[in-house]
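Chemist: Got a structure for you, coords-v5.cif, holding mmCIF, N, CA and C atoms.
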data_entry
loop_
_atom_site.label_atom_id
_atom_site.label_comp_id
_atom_site.auth_asym_id
_atom_site.auth_seq_id
_atom_site.Cartn_x
_atom_site.Cartn_y
_atom_site.Cartn_z
N LEU A 1118 156.49 -18.88 78.58
CA LEU A 1118 156.06 -17.99 79.63
C LEU A 1118 154.87 -18.60 80.38
N PHE A 1119 153.94 -19.20 79.64
CA PHE A 1119 152.78 -19.81 80.28
C PHE A 1119 153.21 -20.90 81.26
N LEU A 1120 154.14 -21.75 80.84
CA LEU A 1120 154.60 -22.83 81.73
C LEU A 1120 155.26 -22.26 82.97
N ASP A 1121 156.03 -21.20 82.81
CA ASP A 1121 156.65 -20.57 83.97
C ASP A 1121 155.60 -19.96 84.90
N ALA A 1122 154.55 -19.43 84.31
CA ALA A 1122 153.52 -18.75 85.10
C ALA A 1122 152.71 -19.72 85.96
N ILE A 1123 152.68 -21.00 85.60
CA ILE A 1123 151.91 -21.94 86.41
C ILE A 1123 152.80 -22.63 87.43
N SER A 1124 153.71 -21.89 87.96
CA SER A 1124 154.54 -22.31 89.08
C SER A 1124 155.50 -23.43 88.72
N VAL A 1125 156.65 -23.04 88.21
CA VAL A 1125 157.69 -23.99 87.86
C VAL A 1125 158.18 -24.73 89.10
N ARG A 1126 158.16 -24.08 90.23
CA ARG A 1126 158.65 -24.73 91.46
C ARG A 1126 157.80 -25.94 91.86
N ASN A 1127 156.53 -25.94 91.47
CA ASN A 1127 155.64 -27.05 91.81
C ASN A 1127 155.17 -27.78 90.56
N TYR A 1128 156.05 -27.90 89.57
CA TYR A 1128 155.58 -28.46 88.31
C TYR A 1128 155.10 -29.90 88.43
N MET A 1129 155.64 -30.67 89.35
CA MET A 1129 155.18 -32.05 89.47
C MET A 1129 153.72 -32.10 89.93
N THR A 1130 153.30 -31.21 90.79
CA THR A 1130 151.90 -31.21 91.20
C THR A 1130 151.01 -30.60 90.13
N ASN A 1131 151.57 -29.73 89.31
CA ASN A 1131 150.78 -29.09 88.26
C ASN A 1131 150.63 -29.94 87.01
N PHE A 1132 151.61 -30.80 86.73
CA PHE A 1132 151.61 -31.54 85.48
C PHE A 1132 151.57 -33.05 85.62
N LYS A 1133 151.96 -33.59 86.75
CA LYS A 1133 152.07 -35.04 86.90
C LYS A 1133 150.74 -35.72 86.64
N ASN A 1134 150.77 -36.67 85.71
CA ASN A 1134 149.61 -37.48 85.32
C ASN A 1134 148.44 -36.67 84.76
N LYS A 1135 148.71 -35.46 84.30
CA LYS A 1135 147.67 -34.65 83.67
C LYS A 1135 147.81 -34.79 82.15
N GLY A 1136 146.68 -34.94 81.48
CA GLY A 1136 146.69 -35.12 80.04
C GLY A 1136 146.83 -33.82 79.29
N SER A 1137 147.49 -33.90 78.17
CA SER A 1137 147.61 -32.74 77.28
C SER A 1137 147.58 -33.22 75.83
N MET A 1138 147.16 -32.35 74.97
CA MET A 1138 147.13 -32.65 73.55
C MET A 1138 147.72 -31.44 72.84
N LEU A 1139 148.61 -31.71 71.91
CA LEU A 1139 149.33 -30.62 71.25
C LEU A 1139 148.94 -30.51 69.78
N THR A 1140 148.86 -29.28 69.33
CA THR A 1140 148.59 -28.98 67.93
C THR A 1140 149.61 -27.95 67.47
N GLY A 1141 150.31 -28.25 66.40
CA GLY A 1141 151.30 -27.33 65.86
C GLY A 1141 150.68 -26.47 64.77
N ILE A 1142 150.99 -25.19 64.79
CA ILE A 1142 150.47 -24.27 63.79
C ILE A 1142 151.64 -23.48 63.23
N ALA A 1143 151.75 -23.47 61.90
CA ALA A 1143 152.86 -22.75 61.29
C ALA A 1143 152.48 -22.30 59.89
N SER A 1144 153.15 -21.27 59.42
CA SER A 1144 152.92 -20.81 58.06
C SER A 1144 153.81 -21.58 57.08
N GLY A 1145 154.76 -22.34 57.60
CA GLY A 1145 155.64 -23.14 56.75
C GLY A 1145 155.07 -24.50 56.44
N ARG A 1146 155.93 -25.40 55.97
CA ARG A 1146 155.48 -26.71 55.52
C ARG A 1146 155.38 -27.74 56.64
N ALA A 1147 156.14 -27.60 57.71
CA ALA A 1147 156.24 -28.68 58.70
C ALA A 1147 155.22 -28.59 59.82
N GLY A 1148 154.47 -27.53 59.93
CA GLY A 1148 153.45 -27.44 60.98
C GLY A 1148 154.03 -27.39 62.38
N ASN A 1149 155.22 -26.82 62.52
CA ASN A 1149 155.89 -26.66 63.81
C ASN A 1149 156.22 -28.01 64.46
N LEU A 1150 156.68 -28.97 63.67
CA LEU A 1150 157.02 -30.29 64.21
C LEU A 1150 158.10 -30.22 65.29
N ARG A 1151 159.11 -29.38 65.09
CA ARG A 1151 160.17 -29.26 66.11
C ARG A 1151 159.62 -28.71 67.42
N GLY A 1152 158.73 -27.73 67.32
CA GLY A 1152 158.11 -27.17 68.52
C GLY A 1152 157.27 -28.21 69.23
N LEU A 1153 156.53 -29.02 68.47
CA LEU A 1153 155.72 -30.09 69.07
C LEU A 1153 156.62 -31.10 69.80
N ASP A 1154 157.71 -31.48 69.16
CA ASP A 1154 158.64 -32.43 69.79
C ASP A 1154 159.24 -31.85 71.07
N HIS A 1155 159.64 -30.60 71.01
CA HIS A 1155 160.27 -29.97 72.16
C HIS A 1155 159.29 -29.83 73.33
N LEU A 1156 158.08 -29.36 73.05
CA LEU A 1156 157.09 -29.20 74.12
C LEU A 1156 156.67 -30.57 74.68
N THR A 1157 156.59 -31.58 73.83
CA THR A 1157 156.30 -32.93 74.29
C THR A 1157 157.35 -33.39 75.30
N SER A 1158 158.61 -33.17 74.97
CA SER A 1158 159.70 -33.55 75.88
C SER A 1158 159.59 -32.81 77.21
N ILE A 1159 159.27 -31.54 77.18
CA ILE A 1159 159.15 -30.75 78.41
C ILE A 1159 158.00 -31.27 79.27
N LEU A 1160 156.84 -31.47 78.65
CA LEU A 1160 155.68 -31.95 79.41
C LEU A 1160 155.93 -33.34 80.00
N MET A 1161 156.57 -34.21 79.24
CA MET A 1161 156.85 -35.54 79.74
C MET A 1161 157.88 -35.50 80.87
N HIS A 1162 158.85 -34.60 80.78
CA HIS A 1162 159.83 -34.44 81.85
C HIS A 1162 159.15 -34.02 83.15
N MET A 1163 158.08 -33.24 83.03
CA MET A 1163 157.37 -32.77 84.21
C MET A 1163 156.28 -33.75 84.65
N GLY A 1164 156.25 -34.94 84.05
CA GLY A 1164 155.32 -35.97 84.48
C GLY A 1164 153.97 -35.94 83.80
N GLY A 1165 153.82 -35.08 82.80
CA GLY A 1165 152.55 -34.99 82.10
C GLY A 1165 152.36 -36.12 81.11
N LEU A 1166 151.13 -36.34 80.73
CA LEU A 1166 150.77 -37.35 79.75
C LEU A 1166 150.43 -36.64 78.45
N VAL A 1167 151.15 -36.94 77.40
CA VAL A 1167 150.93 -36.28 76.11
C VAL A 1167 150.27 -37.28 75.17
N HIS A 1168 149.10 -36.91 74.67
CA HIS A 1168 148.39 -37.77 73.73
C HIS A 1168 149.23 -37.93 72.46
N PRO A 1169 149.32 -39.13 71.93
CA PRO A 1169 150.19 -39.35 70.76
C PRO A 1169 149.70 -38.70 69.47
N ASN A 1170 148.44 -38.31 69.39
CA ASN A 1170 147.91 -37.68 68.18
C ASN A 1170 148.24 -36.19 68.19
N ARG A 1171 149.49 -35.89 67.86
CA ARG A 1171 149.92 -34.49 67.79
C ARG A 1171 149.75 -34.02 66.35
N VAL A 1172 148.88 -33.07 66.15
CA VAL A 1172 148.51 -32.65 64.80
C VAL A 1172 149.26 -31.39 64.39
N PRO A 1173 150.02 -31.45 63.29
CA PRO A 1173 150.67 -30.25 62.76
C PRO A 1173 149.85 -29.65 61.62
N PHE A 1174 149.53 -28.38 61.71
CA PHE A 1174 148.84 -27.68 60.63
C PHE A 1174 149.83 -26.77 59.92
N SER A 1175 150.05 -27.04 58.65
CA SER A 1175 150.97 -26.25 57.83
C SER A 1175 150.21 -25.23 57.00
N LEU A 1176 150.91 -24.22 56.55
CA LEU A 1176 150.33 -23.18 55.70
C LEU A 1176 149.02 -22.68 56.28
N VAL A 1177 149.06 -22.32 57.55
CA VAL A 1177 147.84 -21.97 58.29
C VAL A 1177 147.08 -20.80 57.67
N GLU A 1178 147.77 -19.93 56.99
CA GLU A 1178 147.08 -18.78 56.39
C GLU A 1178 146.11 -19.22 55.29
N THR A 1179 146.27 -20.40 54.76
CA THR A 1179 145.35 -20.91 53.74
C THR A 1179 144.13 -21.61 54.35
N LEU A 1180 144.14 -21.81 55.66
CA LEU A 1180 143.07 -22.54 56.34
C LEU A 1180 142.04 -21.63 57.01
N VAL A 1181 142.27 -20.32 56.97
CA VAL A 1181 141.37 -19.38 57.65
C VAL A 1181 140.86 -18.33 56.68
N ASP A 1182 139.70 -17.76 57.03
CA ASP A 1182 139.15 -16.68 56.22
C ASP A 1182 139.68 -15.34 56.70
N GLU A 1183 139.15 -14.24 56.15
CA GLU A 1183 139.65 -12.90 56.49
C GLU A 1183 139.38 -12.50 57.93
N HIS A 1184 138.51 -13.23 58.63
CA HIS A 1184 138.21 -12.94 60.03
C HIS A 1184 138.97 -13.87 60.99
N GLY A 1185 139.76 -14.77 60.44
CA GLY A 1185 140.52 -15.70 61.26
C GLY A 1185 139.79 -16.99 61.60
N ALA A 1186 138.59 -17.17 61.07
CA ALA A 1186 137.82 -18.40 61.31
C ALA A 1186 138.31 -19.49 60.36
N ILE A 1187 138.37 -20.71 60.86
CA ILE A 1187 138.81 -21.84 60.04
C ILE A 1187 137.74 -22.15 59.01
N ASN A 1188 138.15 -22.16 57.74
CA ASN A 1188 137.20 -22.40 56.66
C ASN A 1188 137.48 -23.69 55.90
N ASN A 1189 138.33 -24.53 56.44
CA ASN A 1189 138.71 -25.77 55.78
C ASN A 1189 138.04 -26.94 56.51
N GLU A 1190 137.15 -27.65 55.83
CA GLU A 1190 136.37 -28.72 56.46
C GLU A 1190 137.26 -29.85 56.96
N ALA A 1191 138.29 -30.21 56.22
CA ALA A 1191 139.18 -31.28 56.65
C ALA A 1191 139.90 -30.91 57.95
N THR A 1192 140.32 -29.66 58.05
CA THR A 1192 140.98 -29.18 59.27
C THR A 1192 140.02 -29.20 60.45
N LEU A 1193 138.81 -28.75 60.24
CA LEU A 1193 137.80 -28.77 61.32
C LEU A 1193 137.53 -30.20 61.78
N SER A 1194 137.44 -31.11 60.85
CA SER A 1194 137.20 -32.51 61.18
C SER A 1194 138.33 -33.09 62.01
N ILE A 1195 139.56 -32.80 61.63
CA ILE A 1195 140.73 -33.27 62.38
C ILE A 1195 140.73 -32.69 63.79
N MET A 1196 140.41 -31.41 63.91
CA MET A 1196 140.38 -30.77 65.23
C MET A 1196 139.28 -31.36 66.11
N GLN A 1197 138.12 -31.63 65.53
CA GLN A 1197 137.03 -32.23 66.30
C GLN A 1197 137.41 -33.62 66.79
N GLN A 1198 138.06 -34.40 65.94
CA GLN A 1198 138.51 -35.73 66.35
C GLN A 1198 139.54 -35.62 67.47
N GLN A 1199 140.44 -34.68 67.36
CA GLN A 1199 141.47 -34.50 68.38
C GLN A 1199 140.84 -34.14 69.73
N VAL A 1200 139.83 -33.28 69.74
CA VAL A 1200 139.15 -32.90 70.97
C VAL A 1200 138.43 -34.10 71.57
N LYS A 1201 137.78 -34.90 70.74
CA LYS A 1201 137.11 -36.11 71.24
C LYS A 1201 138.10 -37.04 71.92
N GLU A 1202 139.26 -37.19 71.33
CA GLU A 1202 140.29 -38.05 71.90
C GLU A 1202 140.80 -37.51 73.23
N LEU A 1203 140.93 -36.18 73.32
CA LEU A 1203 141.39 -35.56 74.57
C LEU A 1203 140.37 -35.79 75.67
N ILE A 1204 139.10 -35.63 75.36
CA ILE A 1204 138.05 -35.82 76.36
C ILE A 1204 138.03 -37.27 76.85
N ALA A 1205 138.28 -38.20 75.92
CA ALA A 1205 138.27 -39.62 76.28
C ALA A 1205 139.53 -40.03 77.03
N MET A 1206 140.56 -39.20 77.04
CA MET A 1206 141.85 -39.52 77.65
C MET A 1206 141.77 -39.71 79.14
#
Since I need it in another form, could you write the structure as structure tokens?
Modeler:
Amino acid sequence: LFLDAISVRNYMTNFKNKGSMLTGIASGRAGNLRGLDHLTSILMHMGGLVHPNRVPFSLVETLVDEHGAINNEATLSIMQQQVKELIAM
């Protein structure tokens, strides 16, 4: 829905040569790998640049506290590295 909302008719001007970074979140084991692959294909079809460091987070309910804040240091470190890479892109 979000992709449709940003004007599908002008997707080349909205996505061409624009960087994106994807993170998969799932309660299962694979961290939404299929979703990451599918969205990567869509963004690349529209001319977008997808950073190769696509991070899948599995069993997400074990990574957050009762308020929804991430309480896993390794996960936070990976996310911080991913953001640094996106900024440098």
Chemist: Near A:Met1138, within 12 Å and counting only C-alpha atoms, which residues show up once chain neighbours fewer than 5 positions away are dropped, as a ChimeraX atom specification?
Modeler: /A:1153,1156-1157,1160-1161,1165-1173,1196,1198-1206
Chemist: Find the residues with any atom within 6.5 Å of (149.7, -19.0, 55.6); use all atoms listed in the file and the coordinates as given in the file, and write the answer as number ranges by chain.
Modeler: A: 1143-1145, 1175-1180
Chemist: Closest to A:Gly1148 among A:Gln1197, A:Phe1174, A:Glu1183, A:Leu1120, using only C-alpha atoms?
Modeler: A:Phe1174
Chemist: Mind pulling up the distance from atom CA of A:Lys1135 to atom CA of A:Gly1164?
Modeler: 7.8 Å
Chemist: Expressed in Å to a single decimal, how great is the separation between atom CA of A:Tyr1128 and atom CA of A:His1162?
Modeler: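 Calculated distance between atom CA of A:Tyr1128 and atom CA of A:His1162 is 9.8 Å.
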Chemist: For stretch 1177-1187 of chain A, take all atoms listed in the file, fit an axis-aligned box around them, add 4 Å to each of the six sides, then output centre and edge lengths in Å rounded to one decimal, as AutoDock Vina command-line options.
Modeler:
--center_x 143.4 --center_y -17.5 --center_z 57.7 --size_x 19.3 --size_y 18.0 --size_z 15.9
